[in-house]
Structures are given as C-alpha cells and as structure tokens.
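Q: File data28.csv follows (CSV, C-alpha atoms):
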```csv
chain,number,residue,atom,x,y,z
A,1,MET,CA,70.0,5.7,-13.9
A,2,THR,CA,68.2,6.1,-10.6
A,3,THR,CA,68.2,2.3,-10.1
A,4,LEU,CA,72.0,2.2,-10.7
A,5,ILE,CA,72.6,5.0,-8.2
A,6,GLN,CA,70.4,3.2,-5.6
A,7,ARG,CA,72.3,0.0,-6.2
A,8,TRP,CA,75.7,1.8,-5.8
A,9,ARG,CA,74.6,3.4,-2.6
A,10,ALA,CA,73.3,0.1,-1.2
A,11,HIS,CA,76.6,-1.6,-2.2
A,12,SER,CA,78.6,1.2,-0.5
A,13,SER,CA,76.5,1.0,2.7
A,14,LEU,CA,77.0,-2.8,2.8
A,15,THR,CA,80.7,-2.4,2.3
A,16,THR,CA,80.9,0.2,5.0
A,17,LEU,CA,79.0,-2.0,7.5
A,18,GLY,CA,81.2,-4.9,6.6
A,19,GLY,CA,84.3,-2.8,7.3
A,20,PHE,CA,83.0,-1.7,10.6
A,21,ALA,CA,82.1,-5.3,11.5
A,22,VAL,CA,85.6,-6.5,10.6
A,23,ALA,CA,87.1,-3.6,12.7
A,24,ALA,CA,84.9,-4.4,15.6
A,25,ILE,CA,85.8,-8.1,15.5
A,26,GLY,CA,89.5,-7.3,15.3
A,27,LEU,CA,89.4,-4.8,18.2
A,28,PHE,CA,86.9,-6.5,20.6
A,29,ALA,CA,87.8,-10.2,19.9
A,30,VAL,CA,91.0,-10.8,18.1
A,31,ALA,CA,93.2,-8.1,19.9
A,32,PRO,CA,92.4,-9.2,23.5
A,33,ALA,CA,92.9,-12.8,22.6
A,34,MET,CA,96.2,-12.4,20.8
A,35,LEU,CA,97.9,-9.6,22.7
A,36,SER,CA,99.4,-9.6,26.2
A,37,ASP,CA,98.1,-7.1,28.8
A,38,PHE,CA,101.1,-4.8,28.1
A,39,ARG,CA,100.7,-4.9,24.3
A,40,LEU,CA,96.9,-4.4,24.7
A,41,ASN,CA,97.5,-1.3,26.8
A,42,LEU,CA,99.9,0.0,24.1
A,43,LEU,CA,97.3,-0.5,21.5
A,44,ALA,CA,94.8,1.4,23.6
A,45,LYS,CA,97.3,4.3,23.7
A,46,PHE,CA,97.6,4.1,19.9
A,47,LEU,CA,93.8,4.2,19.5
A,48,CYS,CA,93.8,7.5,21.4
A,49,PHE,CA,96.2,8.9,18.8
A,50,ALA,CA,94.0,7.5,16.1
A,51,ILE,CA,91.0,9.5,17.5
A,52,VAL,CA,93.0,12.7,17.3
A,53,ALA,CA,94.1,11.8,13.7
A,54,ALA,CA,90.5,11.3,12.6
A,55,GLY,CA,89.8,14.9,13.5
A,56,ILE,CA,92.9,16.1,11.8
A,57,GLY,CA,91.9,14.2,8.7
A,58,LEU,CA,88.7,16.1,8.6
A,59,ALA,CA,90.2,19.6,9.3
A,60,TRP,CA,93.4,19.2,7.3
A,61,GLY,CA,92.6,16.6,4.7
A,62,ARG,CA,89.2,17.9,3.8
A,63,GLY,CA,89.4,21.5,5.0
A,64,GLY,CA,93.0,22.3,4.1
A,65,MET,CA,93.8,23.6,7.7
A,66,LEU,CA,97.2,22.3,8.8
A,67,THR,CA,96.4,22.0,12.5
A,68,LEU,CA,99.8,21.8,14.2
A,69,GLY,CA,98.4,22.6,17.6
A,70,GLN,CA,96.1,19.7,18.4
A,71,GLY,CA,98.2,19.1,21.5
A,72,VAL,CA,96.3,22.1,23.1
A,73,PHE,CA,92.9,20.4,23.0
A,74,PHE,CA,94.4,17.0,23.7
A,75,GLY,CA,96.0,18.5,26.8
A,76,ILE,CA,92.8,20.2,28.0
A,77,GLY,CA,90.9,16.9,28.0
A,78,ALA,CA,93.8,15.0,29.5
A,79,TYR,CA,94.4,17.4,32.4
A,80,ILE,CA,90.7,17.7,33.3
A,81,MET,CA,90.6,13.9,33.5
A,82,ALA,CA,93.8,13.8,35.5
A,83,MET,CA,92.6,16.5,38.0
A,84,HIS,CA,89.3,14.5,38.5
A,85,LEU,CA,91.2,11.2,39.1
A,86,GLN,CA,93.6,12.9,41.5
A,87,MET,CA,90.8,14.4,43.6
A,88,ALA,CA,88.9,11.1,43.6
A,89,ASP,CA,92.0,9.4,45.0
A,90,ALA,CA,92.4,12.1,47.6
A,91,ALA,CA,88.7,11.7,48.7
A,92,ARG,CA,89.1,8.0,49.1
A,93,LEU,CA,92.2,8.6,51.3
A,94,HIS,CA,90.3,11.4,53.2
A,95,ASN,CA,92.9,14.0,52.2
A,96,ASP,CA,92.1,17.6,51.5
A,97,VAL,CA,94.5,17.8,48.5
A,98,PRO,CA,96.1,15.3,46.2
A,99,GLU,CA,99.4,13.7,47.4
A,100,PHE,CA,101.7,15.7,45.0
A,101,MET,CA,100.3,19.0,46.5
A,102,GLU,CA,101.1,17.8,50.0
A,103,ILE,CA,104.6,17.0,48.9
A,104,ALA,CA,104.9,20.5,47.4
A,105,GLY,CA,103.6,22.1,50.5
A,106,ILE,CA,100.2,23.1,49.1
A,107,ARG,CA,97.6,22.7,51.8
A,108,GLU,CA,94.5,24.2,50.2
A,109,LEU,CA,92.9,23.0,47.0
A,110,PRO,CA,93.1,25.6,44.2
A,111,SER,CA,89.8,27.1,43.2
A,112,PHE,CA,90.1,25.9,39.5
A,113,TRP,CA,90.4,22.3,40.7
A,114,GLN,CA,87.2,22.3,42.7
A,115,PRO,CA,84.6,22.0,39.9
A,116,PHE,CA,86.3,18.9,38.5
A,117,ALA,CA,85.9,17.0,41.8
A,118,SER,CA,82.5,16.0,40.4
A,119,GLY,CA,82.6,13.2,37.8
A,120,PRO,CA,79.7,14.6,35.6
A,121,VAL,CA,81.2,18.1,35.7
A,122,ALA,CA,84.6,16.7,34.6
A,123,LEU,CA,83.0,14.8,31.7
A,124,ILE,CA,81.1,17.9,30.6
A,125,GLY,CA,84.3,19.9,30.8
A,126,ILE,CA,86.1,17.3,28.7
A,127,LEU,CA,83.5,17.5,26.0
A,128,VAL,CA,82.8,21.3,26.1
A,129,LEU,CA,86.0,23.2,27.0
A,130,PRO,CA,88.2,22.0,24.1
A,131,ALA,CA,85.4,22.8,21.7
A,132,LEU,CA,84.8,26.3,23.2
A,133,VAL,CA,88.5,27.1,23.1
A,134,ALA,CA,88.7,26.0,19.4
A,135,ALA,CA,85.6,28.0,18.6
A,136,ALA,CA,87.1,31.2,20.1
A,137,LEU,CA,90.4,30.6,18.4
A,138,GLY,CA,88.8,29.7,15.1
A,139,TYR,CA,86.5,32.8,15.2
A,140,GLY,CA,89.5,35.1,15.8
A,141,VAL,CA,91.7,33.4,13.2
A,142,PHE,CA,89.4,32.5,10.3
A,143,LYS,CA,87.2,35.6,10.4
A,144,ARG,CA,90.4,37.6,9.8
A,145,ARG,CA,91.2,35.2,6.9
A,146,VAL,CA,94.3,33.9,8.4
A,147,LYS,CA,95.2,30.6,6.6
A,148,GLY,CA,98.0,28.5,5.2
A,149,THR,CA,101.4,28.8,6.7
A,150,TYR,CA,100.4,31.6,9.1
A,151,PHE,CA,97.6,29.5,10.6
A,152,ALA,CA,100.0,26.5,11.0
A,153,ILE,CA,102.6,28.6,12.8
A,154,LEU,CA,100.0,30.2,15.0
A,155,SER,CA,98.5,26.9,16.0
A,156,GLN,CA,101.9,25.4,16.7
A,157,ALA,CA,102.8,28.5,18.8
A,158,LEU,CA,99.7,27.9,20.9
A,159,ALA,CA,100.8,24.4,21.7
A,160,ALA,CA,104.3,25.6,22.7
A,161,ALA,CA,102.8,28.3,24.9
A,162,LEU,CA,100.5,25.9,26.7
A,163,ALA,CA,103.3,23.5,27.4
A,164,ILE,CA,105.5,26.3,28.7
A,165,LEU,CA,102.7,27.6,30.9
A,166,LEU,CA,101.9,24.2,32.4
A,167,THR,CA,105.6,23.6,33.1
A,168,GLY,CA,105.7,26.5,35.5
A,169,GLN,CA,102.5,25.7,37.3
A,170,GLN,CA,103.2,23.6,40.4
A,171,LYS,CA,99.5,23.5,41.2
A,172,ILE,CA,99.0,21.2,38.3
A,173,GLY,CA,102.1,19.1,38.6
A,174,GLY,CA,104.6,21.4,36.8
A,175,PHE,CA,107.2,19.8,34.6
A,176,THR,CA,106.5,16.2,35.9
A,177,GLY,CA,102.7,16.5,35.3
A,178,LEU,CA,100.1,14.4,37.0
A,179,SER,CA,100.4,10.7,37.6
A,180,ASP,CA,99.9,7.8,40.0
A,181,PHE,CA,96.1,7.4,39.4
A,182,ARG,CA,94.6,4.6,41.5
A,183,ALA,CA,91.1,4.3,40.1
A,184,PHE,CA,89.0,5.3,37.2
A,185,PHE,CA,85.4,6.3,38.3
A,186,GLY,CA,85.6,3.7,41.0
A,187,PHE,CA,87.4,0.9,39.1
A,188,LYS,CA,90.9,0.1,40.2
A,189,LEU,CA,93.4,0.7,37.5
A,190,SER,CA,95.7,-2.0,39.0
A,191,ASP,CA,93.2,-4.7,37.9
A,192,PRO,CA,93.9,-6.1,34.5
A,193,ALA,CA,90.2,-6.5,33.8
A,194,ASN,CA,89.6,-2.8,34.3
A,195,ARG,CA,92.5,-1.9,32.0
A,196,GLN,CA,91.0,-4.1,29.4
A,197,MET,CA,87.8,-2.2,29.9
A,198,LEU,CA,89.7,1.0,29.1
A,199,PHE,CA,90.8,-0.6,25.9
A,200,PHE,CA,87.3,-1.5,24.9
A,201,ILE,CA,86.2,2.1,25.7
A,202,ALA,CA,88.9,3.5,23.5
A,203,ALA,CA,88.1,1.0,20.7
A,204,GLY,CA,84.4,1.8,20.8
A,205,THR,CA,85.1,5.6,20.9
A,206,LEU,CA,87.3,5.3,17.8
A,207,LEU,CA,84.6,3.4,15.9
A,208,VAL,CA,82.1,6.1,16.8
A,209,VAL,CA,84.4,8.9,15.8
A,210,VAL,CA,85.2,7.2,12.4
A,211,ALA,CA,81.5,6.8,11.8
A,212,LEU,CA,80.9,10.5,12.6
A,213,VAL,CA,83.7,11.7,10.3
A,214,ARG,CA,82.4,9.5,7.5
A,215,GLN,CA,79.0,11.0,7.9
A,216,LEU,CA,80.4,14.5,7.8
A,217,MET,CA,82.5,13.8,4.8
A,218,ARG,CA,79.6,12.4,2.8
A,219,SER,CA,77.2,15.1,3.8
A,220,ARG,CA,76.6,18.4,2.0
A,221,TYR,CA,78.8,20.1,4.6
A,222,GLY,CA,81.6,17.8,3.6
A,223,GLU,CA,81.3,18.8,0.0
A,224,LEU,CA,81.2,22.5,1.1
A,225,LEU,CA,84.3,21.9,3.2
A,226,VAL,CA,86.2,20.5,0.2
A,227,ALA,CA,85.0,23.4,-1.9
A,228,VAL,CA,86.3,25.9,0.7
A,229,ARG,CA,89.7,24.1,0.6
A,230,ASP,CA,89.9,24.3,-3.2
A,231,GLN,CA,88.1,27.5,-4.2
A,232,GLU,CA,87.5,29.6,-1.1
A,233,GLU,CA,86.8,32.8,-3.0
A,234,ARG,CA,84.2,31.1,-5.3
A,235,VAL,CA,82.4,29.7,-2.2
A,236,ARG,CA,82.3,33.2,-0.7
A,237,PHE,CA,80.8,34.6,-4.0
A,238,LEU,CA,78.1,31.9,-3.8
A,239,GLY,CA,76.9,33.3,-0.5
A,240,TYR,CA,78.6,31.1,2.0
A,241,ASP,CA,81.0,32.3,4.7
A,242,PRO,CA,84.1,30.1,4.5
A,243,ALA,CA,85.2,31.1,8.0
A,244,ASN,CA,82.1,29.4,9.5
A,245,VAL,CA,82.7,26.3,7.5
A,246,LYS,CA,86.3,26.1,8.8
A,247,ILE,CA,85.3,26.9,12.3
A,248,VAL,CA,83.0,23.9,12.4
A,249,ALA,CA,85.7,21.5,11.2
A,250,TYR,CA,88.2,23.0,13.6
A,251,VAL,CA,85.8,22.6,16.5
A,252,VAL,CA,85.0,19.0,15.6
A,253,ALA,CA,88.7,18.1,15.5
A,254,ALA,CA,89.3,19.8,18.9
A,255,PHE,CA,86.3,17.9,20.3
A,256,PHE,CA,87.8,14.6,19.2
A,257,ALA,CA,91.2,15.6,20.5
A,258,GLY,CA,89.8,16.4,24.0
A,259,ILE,CA,88.1,13.0,24.2
A,260,ALA,CA,91.3,11.3,23.2
A,261,GLY,CA,93.3,13.1,25.8
A,262,ALA,CA,90.8,12.2,28.5
A,263,LEU,CA,91.1,8.5,27.5
A,264,PHE,CA,94.9,8.8,27.3
A,265,THR,CA,95.3,9.8,30.9
A,266,PRO,CA,94.0,6.7,32.7
A,267,ILE,CA,95.4,4.4,30.0
A,268,VAL,CA,99.0,5.6,30.2
A,269,GLY,CA,98.8,6.7,33.8
A,270,ILE,CA,100.5,10.0,33.4
A,271,ILE,CA,100.0,13.4,31.6
A,272,SER,CA,102.7,16.0,31.5
A,273,PRO,CA,103.6,19.1,29.3
A,274,ALA,CA,105.8,16.8,27.2
A,275,ASP,CA,102.7,15.0,26.0
A,276,ILE,CA,100.9,18.0,24.7
A,277,GLY,CA,103.6,20.3,23.3
A,278,VAL,CA,105.0,20.9,19.8
A,279,VAL,CA,106.6,17.5,19.3
A,280,PRO,CA,103.4,15.5,20.0
A,281,SER,CA,101.4,17.8,17.8
A,282,ILE,CA,103.8,17.3,15.0
A,283,ALA,CA,103.7,13.5,15.6
A,284,PHE,CA,99.9,13.6,15.1
A,285,ILE,CA,100.5,15.3,11.7
A,286,ILE,CA,103.2,12.8,10.7
A,287,GLY,CA,100.8,9.9,11.2
A,288,VAL,CA,98.0,11.6,9.3
A,289,ALA,CA,100.4,12.5,6.4
A,290,ILE,CA,101.9,9.0,6.1
A,291,GLY,CA,98.5,7.3,6.3
A,292,GLY,CA,96.8,9.6,3.8
A,293,ARG,CA,95.1,12.8,5.0
A,294,THR,CA,92.4,12.9,2.3
A,295,THR,CA,90.9,9.5,3.0
A,296,LEU,CA,88.7,8.2,5.9
A,297,LEU,CA,90.9,5.4,7.2
A,298,GLY,CA,94.3,6.8,6.2
A,299,PRO,CA,94.8,9.1,9.2
A,300,VAL,CA,93.6,6.4,11.6
A,301,LEU,CA,95.7,3.6,10.2
A,302,GLY,CA,98.6,6.0,9.8
A,303,ALA,CA,98.5,7.2,13.4
A,304,ILE,CA,98.4,3.6,14.7
A,305,GLY,CA,101.1,2.4,12.3
A,306,VAL,CA,103.5,5.3,13.1
A,307,ALA,CA,103.0,4.9,16.9
A,308,TRP,CA,103.5,1.2,16.6
A,309,ALA,CA,106.6,1.7,14.5
A,310,GLN,CA,107.9,4.3,16.9
A,311,THR,CA,107.6,1.9,19.8
A,312,ALA,CA,109.1,-1.1,17.9
A,313,LEU,CA,112.0,1.0,16.5
A,314,SER,CA,112.7,2.6,19.9
A,315,GLU,CA,113.0,-0.9,21.4
A,316,GLU,CA,115.4,-2.1,18.7
A,317,PHE,CA,117.2,1.1,17.8
A,318,PRO,CA,117.0,3.5,20.8
A,319,SER,CA,119.3,6.1,19.4
A,320,SER,CA,118.3,6.2,15.7
A,321,TRP,CA,114.6,5.5,15.5
A,322,THR,CA,113.8,9.2,15.1
A,323,TYR,CA,115.9,9.3,12.0
A,324,LEU,CA,114.1,6.4,10.5
A,325,GLN,CA,110.8,8.1,11.3
A,326,GLY,CA,112.0,11.3,9.5
A,327,VAL,CA,113.1,9.3,6.5
A,328,LEU,CA,109.7,7.6,6.2
A,329,PHE,CA,108.0,11.0,6.4
A,330,ILE,CA,110.2,12.5,3.8
A,331,VAL,CA,109.7,9.6,1.4
A,332,VAL,CA,105.9,9.7,1.8
A,333,VAL,CA,105.6,13.4,1.4
A,334,GLY,CA,108.1,13.6,-1.5
A,335,PHE,CA,107.0,10.6,-3.5
A,336,ILE,CA,103.6,9.6,-2.3
A,337,PRO,CA,101.7,12.9,-1.5
A,338,ALA,CA,98.4,11.0,-1.0
A,339,GLY,CA,100.0,8.9,1.7
A,340,LEU,CA,100.1,5.1,2.0
A,341,ALA,CA,96.4,5.0,1.3
A,342,GLY,CA,97.2,6.4,-2.1
A,343,VAL,CA,99.6,3.6,-3.0
A,344,TRP,CA,97.0,1.1,-4.3
A,345,PRO,CA,95.1,3.7,-6.5
A,346,MET,CA,98.5,4.6,-8.0
A,347,VAL,CA,99.3,1.0,-8.7
A,348,ARG,CA,95.9,0.3,-10.0
A,349,GLY,CA,96.0,3.3,-12.4
A,350,SER,CA,99.5,2.3,-13.6
A,351,LEU,CA,98.3,-1.2,-14.3
A,352,ALA,CA,95.2,0.0,-16.1
A,353,GLY,CA,97.3,2.4,-18.3
A,354,ARG,CA,99.7,-0.4,-19.2
A,355,PHE,CA,96.8,-2.7,-20.0
A,356,ARG,CA,95.3,-0.1,-22.3
A,357,ARG,CA,98.6,0.4,-24.1
A,358,THR,CA,99.1,-3.4,-24.7
A,359,SER,CA,95.5,-4.2,-25.6
A,360,PRO,CA,94.6,-4.2,-29.4
A,361,PRO,CA,92.6,-1.2,-30.7
A,362,PRO,CA,88.9,-1.8,-31.2
A,363,ALA,CA,87.4,-2.3,-34.7
A,364,SER,CA,86.2,1.3,-35.0
A,365,SER,CA,89.8,2.5,-34.3
A,366,ALA,CA,91.2,0.2,-37.0
A,367,MET,CA,88.6,1.5,-39.5
A,368,VAL,CA,89.5,5.1,-38.7
A,369,ALA,CA,93.2,4.4,-39.0
A,370,ALA,CA,92.6,2.9,-42.5
A,371,LEU,CA,91.0,6.1,-43.8
A,372,PRO,CA,93.2,8.5,-45.8
A,373,ASP,CA,94.7,11.4,-43.9
A,374,VAL,CA,92.7,14.4,-44.8
A,375,GLU,CA,95.2,16.8,-43.3
A,376,ASP,CA,97.6,16.2,-46.2
A,377,ALA,CA,94.8,16.9,-48.8
A,378,PRO,CA,94.4,20.3,-50.5
A,379,VAL,CA,91.9,22.7,-49.0
A,380,GLU,CA,89.4,22.2,-51.9
A,381,GLU,CA,89.3,18.4,-51.3
A,382,LYS,CA,88.8,19.0,-47.5
A,383,VAL,CA,85.8,21.2,-48.3
A,384,LYS,CA,84.3,18.7,-50.7
A,385,SER,CA,84.7,15.9,-48.2
```
Mind turning this structure into structure tokens?
A:
Amino acid sequence: MTTLIQRWRAHSSLTTLGGFAVAAIGLFAVAPAMLSDFRLNLLAKFLCFAIVAAGIGLAWGRGGMLTLGQGVFFGIGAYIMAMHLQMADAARLHNDVPEFMEIAGIRELPSFWQPFASGPVALIGILVLPALVAAALGYGVFKRRVKGTYFAILSQALAAALAILLTGQQKIGGFTGLSDFRAFFGFKLSDPANRQMLFFIAAGTLLVVVALVRQLMRSRYGELLVAVRDQEERVRFLGYDPANVKIVAYVVAAFFAGIAGALFTPIVGIISPADIGVVPSIAFIIGVAIGGRTTLLGPVLGAIGVAWAQTALSEEFPSSWTYLQGVLFIVVVGFIPAGLAGVWPMVRGSLAGRFRRTSPPPASSAMVAALPDVEDAPVEEKVKS
C-alpha cells in the first residue's frame, strides 16, 4: 500500500511539473512568437486578472468566502505603483510634483506621496499594505462570525466606498486616475522590448502564484480550510479557530491581488477608480465561477478566457457583449455549478455510468440471480436457510 501511494505521489508530481513546463513554454516562447505587440500586451493584462483569480479560487473555492471586494486590494497595489512611477517621471524632468498636479494647480507634493518616491519602499508597500488591510478587515469580520451573504455584501460595499473616495481626491488623479507613465524602474515603456519584459514578469509571477496556491491546497492548511468551509462548527469543536483559518486565506488572496494591481498599472498605462470598483470586482468573480472555483487551474483559465472573450466580443458586438457575458455566467452557474473545469468529469462520469449499464454482469452476479428469491419463502424456510 505504501508503495502504491509513493508511486501515485511521484506520478502526480511528474504530471504537475509537466504541466508547469508546458505553461512556461507557451507563455515564454509560443506567445511572444505568435502574437503581435498589441495582443501580447493584452495577454499580459489578462495574466494580471488571472493572478487575482488564483487568490479568489483559494478564498472562495476552498474557503467558501465570496470575496466581492478584491478590487480594494487590487487598487491599493495599482495606485502605489502609479504614484511611484509618476514621481519617478517628475524627478527625471526635475519637477517638484507630477504633471497632473501642476495642471490642477497643486504645487506641493502631498505627504502621503513622499514615501513612495523610493522604489524599494513602493515595492514593500505593494506587498505589505494590501495584506495588512485584509488582515484588519478579516479580523474584524471573521472574529464576529460574519459570513455568507453578509460578508459578500460587506466586501462589495468596501470596493464601492474606495472607488467613490478616490473619485473625489484630486491629489491622486480624481475620476480620471493616474496615467501617462514614461518609464518602469528606469526602463522606457515606449520600447517594445521593455513591454515584452513586463509580459514575462507577469507570466513568471502567475506561475509562482499558481505554484503557491497548489502547495497551500495540498497542505494540511488546505484540508483545514475545506473543513471550515463544509463544517465550521465541527472544526471549532475540534479546537481550531475557523476565523484564523479564514483570515489567512483572505490575506493571501489580497496579497496576490495587490501584486496583480501593481503589474496592471505599467502594462495598461492607466489606473482609475473605474478599474477597482464594484464592476471589476464582480468581473473577477465571474471569471472564477465560469472557470471552476474549486479547482487549481479553473479560476486562472476562466479569468483569462472571460477577459479574452470580453475583448473579442466588444470588438465584434460593442453594444451587446455584456448580455452575452451575462448569459454565459447564468448558463454556467445554473447548469454547470463546478464551472467549465467540471465539464470533463461530468462527461467522464456519464460515460462510465453508461458503460456499466451496457456491460454484461459478472459471473457472480449471474449466479446470484439464478438463486431462488428467499423473500417470497415462508418465515420458517428463511430461518432454516
């Protein structure tokens, strides 16, 4: 038995390594060779969404937390990166403030901008601040045993509140946001080679994120997270605090979303409240649900596929693509709850059941069928038999 388990684990590890190798070849070799610069930049944008989706798959798919407010953490990372890039551009032009502040009549750099003038501080802020905000929110919510629909509404309200707050703040771009970035840590963004470098960074980050999520899912913590999702009270009676388990998953998902937002800013070239509000947060959830929230690759492939379909449909059907997206979401949620990743298991199970019905019974079954039916015999004969 031990030998069989070892062989199965070795086979699973080889399969996983093979899958990562195929993904790396596709992202680092095939995609740059087959796609134009414009399409490659679009794919880099979709990879940022996939990074967010991987974290949602962990928190929602494994932990049962419907996180409708990932735009909050995505926006924190995106705006920190945008503020750093704006100040770096201003320093190269020997200006005291970024250009949009000069146009708005702001002559002095706000105090909350100043720490992010340093590249290392900005990177630390991108990695730490979304996680800290998520930890504070998670502690306040999960310790009070807020869950289900109430948690989903609360998280969505936070995304809406942040978008409204940013819209009224002219010191961080207001409604139009921050844009017109010239360089990324010294590399000119107008150079196609540097934009391809951003794609490689996004692709490598996605592979690392997927590997981390897989490790968490296969660990004892991943099993405990599923147990909290299915039987929270039983886990509490066993001596674990379900709130702490949920907080960890929520913080990890926020950590990934912050990184994705920081990559999104130089890739797309703009960040605004419209990119982090309620609608983008719901779009993340739609991709995860369509792909299959309980699987490892379902959220990633779903996010990329939905984003690609959105772009393609908006090009072909500018006025009706949102309806098509809604129909797809309704069909998947209503008829394929496991997402597109669950289609093949359903088909395989259906084929296996049909094969079992059509295959002849084994010899033992035929012998049993030939025996007399003891249920129809009198009670005395049953006792004798």
Q: How many Å separate atom CA of Leu340 of chain A from atom CA of Ala303 of chain A?
A: 11.7 Å
Q: A:Ile76, A:Met197, A:Val331, A:Ile126: which is nearest Pro32 of chain A, counting all atoms listed in the file?
A: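 Of all the options, A:Met197 lies closest to Pro32 of chain A.
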Q: Excluding same-chain residues fewer than 2 positions from Gly125 of chain A, what lies within 9 Å of it counting all atoms listed in the file, as a list of chain:residue names?
A: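 Once the adjacent positions are removed, what remains is A:Ile76, A:Gly77, A:Ile80, A:Phe116, A:Pro120, A:Val121, A:Ala122, A:Leu123, A:Leu127, A:Val128, A:Leu129, A:Pro130.
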Q: Using all atoms listed in the file, list the residues that have an atom at most 10 Å from (101.6, 12.1, 9.1), coordinates as in the file, as number ranges by chain.
A: A: 53, 56-57, 282-293, 298-299, 302-303, 306, 328-329, 332-333, 339
Q: If we count only C-alpha atoms, what is near segment 172-186 of chain A at a cut-off of 6 Å, once residues fewer than 4 positions away on the same chain are taken out, given as an MDAnalysis selection string?
A: chainID A and resid 166:168 269:272
Q: Which residues come within 10 Å of Asn244 of chain A, counting only C-alpha atoms, excluding same-chain residues fewer than 6 positions away, as an mmCIF file with C-alpha atoms, keeping the file's coordinate frame?
A:
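Ended up saving to selection-v2.cif:
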```cif
data_model
loop_
_atom_site.group_PDB
_atom_site.id
_atom_site.type_symbol
_atom_site.label_atom_id
_atom_site.label_comp_id
_atom_site.auth_asym_id
_atom_site.auth_seq_id
_atom_site.Cartn_x
_atom_site.Cartn_y
_atom_site.Cartn_z
ATOM 1 C CA ALA A 135 85.600 28.000 18.600
ATOM 2 C CA GLY A 138 88.800 29.700 15.100
ATOM 3 C CA TYR A 139 86.500 32.800 15.200
ATOM 4 C CA PHE A 142 89.400 32.500 10.300
ATOM 5 C CA LYS A 143 87.200 35.600 10.400
ATOM 6 C CA TYR A 250 88.200 23.000 13.600
#
```
Q: If we draw a sphere of 12 Å around (91.3, 13.4, 2.3), which residues have at least one atom in it when counting only C-alpha atoms? Please report them as a PyMOL selection string.
A: chain A and resi 53-65+213-214+217-218+222-223+225-226+229+288-289+291-300+337-339+341-342
Q: Find, counting all atoms listed in the file, the residue in A:Phe112, A:Phe255, A:Phe237, A:Phe20 that gets nearest to Phe73 of chain A.
A: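 That would be A:Phe255, the residue with the smallest distance to Phe73 of chain A.
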Q: One decimal, in Å: what's the spacing between atom CA of Ile276 of chain A and atom CA of Thr322 of chain A?
A: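 If I compute the distance from atom CA of Ile276 of chain A to atom CA of Thr322 of chain A, I get 18.3 Å.
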Q: In Å, with one decimal, what is the gap from atom CA of Ala82 of chain A to atom CA of Thr265 of chain A?
A: 6.3 Å
Q: Restricting the calculation to all atoms listed in the file: of A:Ser281, A:Gln86, A:Asn194, A:Thr205, which residue gets closest to Gln156 of chain A?
A: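 Result for the nearest residue to Gln156 of chain A: A:Ser281.
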Q: Would you mind telling me which residue in A:Gln215, A:Gln170, A:Gln231, A:Thr16 lies nearest to Glu102 of chain A when using all atoms listed in the file?
A: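 Closest candidate: A:Gln170.
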Q: If we count all atoms listed in the file, what is near Phe200 of chain A at a cut-off of 12 Å, once residues fewer than 5 positions away on the same chain are taken out, given as a PyMOL selection string?
A: chain A and resi 24-29+31-32+40-41+43-45+47-48+193-195+205-207+263+267
Q: So, with all atoms listed in the file as the atoms that count, which of A:Ala227, A:Leu93, A:Ala257, A:Ala134 lies closest to Asp241 of chain A?
A: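 Among the listed residues, A:Ala227 lies closest to Asp241 of chain A.
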Q: All heavy atoms for segment 80-85 of chain A, written as a short mmCIF file (atom, residue, chain, number, x, y, z; two decimals), in the frame of the given file, could you do that?
A:
```
data_model
loop_
_atom_site.label_atom_id
_atom_site.label_comp_id
_atom_site.auth_asym_id
_atom_site.auth_seq_id
_atom_site.Cartn_x
_atom_site.Cartn_y
_atom_site.Cartn_z
N ILE A 80 92.00 17.72 32.51
CA ILE A 80 90.70 17.70 33.30
C ILE A 80 90.50 16.30 33.84
O ILE A 80 90.11 16.15 35.01
CB ILE A 80 89.57 18.11 32.34
CG1 ILE A 80 89.67 19.59 32.00
CG2 ILE A 80 88.22 17.82 33.01
CD1 ILE A 80 88.61 20.07 31.02
N MET A 81 90.72 15.27 33.02
CA MET A 81 90.60 13.90 33.50
C MET A 81 91.56 13.63 34.64
O MET A 81 91.20 13.01 35.67
CB MET A 81 90.74 12.91 32.38
CG MET A 81 90.67 11.45 32.81
SD MET A 81 89.07 10.99 33.54
CE MET A 81 88.06 10.95 32.05
N ALA A 82 92.80 14.07 34.50
CA ALA A 82 93.80 13.80 35.50
C ALA A 82 93.45 14.53 36.83
O ALA A 82 93.62 13.96 37.93
CB ALA A 82 95.17 14.30 35.03
N MET A 83 92.95 15.75 36.75
CA MET A 83 92.60 16.50 38.00
C MET A 83 91.42 15.75 38.68
O MET A 83 91.42 15.63 39.91
CB MET A 83 92.17 17.89 37.59
CG MET A 83 93.34 18.74 37.11
SD MET A 83 92.87 20.22 36.19
CE MET A 83 92.07 21.18 37.47
N HIS A 84 90.44 15.25 37.91
CA HIS A 84 89.30 14.50 38.50
C HIS A 84 89.85 13.24 39.21
O HIS A 84 89.45 12.93 40.35
CB HIS A 84 88.28 14.18 37.52
CG HIS A 84 87.23 13.24 38.05
ND1 HIS A 84 86.29 13.63 38.98
CD2 HIS A 84 87.00 11.91 37.82
CE1 HIS A 84 85.51 12.61 39.28
NE2 HIS A 84 85.93 11.56 38.60
N LEU A 85 90.70 12.50 38.54
CA LEU A 85 91.20 11.20 39.10
C LEU A 85 92.04 11.52 40.36
O LEU A 85 91.97 10.75 41.34
CB LEU A 85 92.03 10.49 38.07
CG LEU A 85 91.28 10.02 36.82
CD1 LEU A 85 92.21 9.25 35.89
CD2 LEU A 85 90.07 9.18 37.17
#
```
